[in-house]
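Okay, so here's the structure we're looking at.
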Amino acid sequence: IYRSTGPATFITVRHVVGAGARLAWLPQETILFDRARLKRRIDVDLAEDASLVMAEAVLFGRAAMRETMCEGIWADTWRVRRGGRLVFAENVRLDGDITGKLARPASAAGGIALATVLIAPADETTLAAVRALEFIGEAGISAWNGIAVARLVTRDGASLRRDLIAILAALGQAVPRLWHQ
């Protein structure tokens, strides 16, 4: 997403996963350049017996090119429903001094590459498989409402991708060939 001198870019992603179906949503990283303005909404409707593995990664610049997203807007809204019942809701917004906000220990401790992996259904076996991994960056996973959410943060996109591939492999999820290039 390139810089904007005007309004924000809006992206809406909607998935409807029917009875007995399985969805693996594994797009490549979204790269935000300096002064980008992105507002994204992700809505997922799962049938009671549907399954989902969804990985969304965001890079605030490209470390390998010495590019940094110094300022801009990144707003991310997620809603996941199972059988019409809300099981996950999240709003994240970074606005203004992105570099300064990502530098804070409670945000990303200087990391510029973030990812969220949502797994449904999930149980203690899912948690154990991810918690057993060794990561390049920081990672954590929690479970509730029959889902699990893993969060990752690293200093660059290449490290983030390696950590994401490790999680997906631990979950038995095939990784798109393009991710290995």
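By order of appearance in the structure tokens: chains A, B, ..., then residues from 1 within every chain, and ligands from 1 in the order shown.
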What are the DSSP strand (DSSP E or B) residues of stretch 19-179 of chain A, as a ChimeraX atom specification?
/A:22-25,30-32,36-46,51-60,71-82,85-97,113-120,138-144,147-154
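Using only C-alpha atoms, the protein and nucleic acid residues lying no more than 10 Å from A:Thr5, apart from those fewer than 6 places from it along its own chain, are Arg35, Ala36 and Arg37 of chain A.
Compared by their closest atoms to A:Arg40, and using only C-alpha atoms, the residues A:Val92, A:Leu118, A:Ala108, A:Ala128 rank with A:Val92 nearest.
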Enumerate, in order of chain and increasing residue number, the residues of stretch 49-105 of chain A with an atom no farther than 9 Å from stretch 148-165 of chain A, each with its shortest atom pair and distance in Å to one decimal, counting only C-alpha atoms, as a tab-separated table.
```
residue	atom	partner	partner_atom	distance
A:Ala55	CA	A:Leu164	CA	8.0
A:Ala57	CA	A:Leu160	CA	8.2
A:Val58	CA	A:Gly157	CA	8.6
A:Leu59	CA	A:Gly157	CA	6.4
A:Gly61	CA	A:Asp156	CA	8.9
A:Arg62	CA	A:Asp156	CA	7.2
A:Ala63	CA	A:Asp156	CA	5.7
A:Ala64	CA	A:Asp156	CA	7.7
```
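In terms of minimum interatomic distance to A:Asp123, A:Leu171 ranks closest within A:Asp97, A:Asp45, A:Leu171, A:Glu138, counting only C-alpha atoms.
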Interatomic distance (Å, one decimal) between atom CA of A:Thr99 and atom CA of A:Cys70:
5.0 Å
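Distances to A:Gly18 were evaluated for A:Arg82, A:Lys39, A:Met69, A:Asp76 using only C-alpha atoms, and the minimum falls at A:Arg82.
Comparing the minimum interatomic distances between A:Ser4 and each of A:Phe88, A:Trp179, A:Phe33, A:Trp78, counting only C-alpha atoms, we find that A:Phe33 sits nearest.
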With only C-alpha atoms as the basis for distance, which of A:Gly146, A:Arg3, A:Ala115, A:Ser107 is at the shortest distance from A:Glu48?
A:Gly146
Secondary structure check, alpha helix (DSSP H) residues of stretch 19-144 of chain A, as a PyMOL selection string
chain A and resi 98-103+124-131
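Minimum distance to A:Leu38 across A:Ala122, A:Ile112, A:Ile73, A:Ile136 (counting only C-alpha atoms) occurs at A:Ile73.
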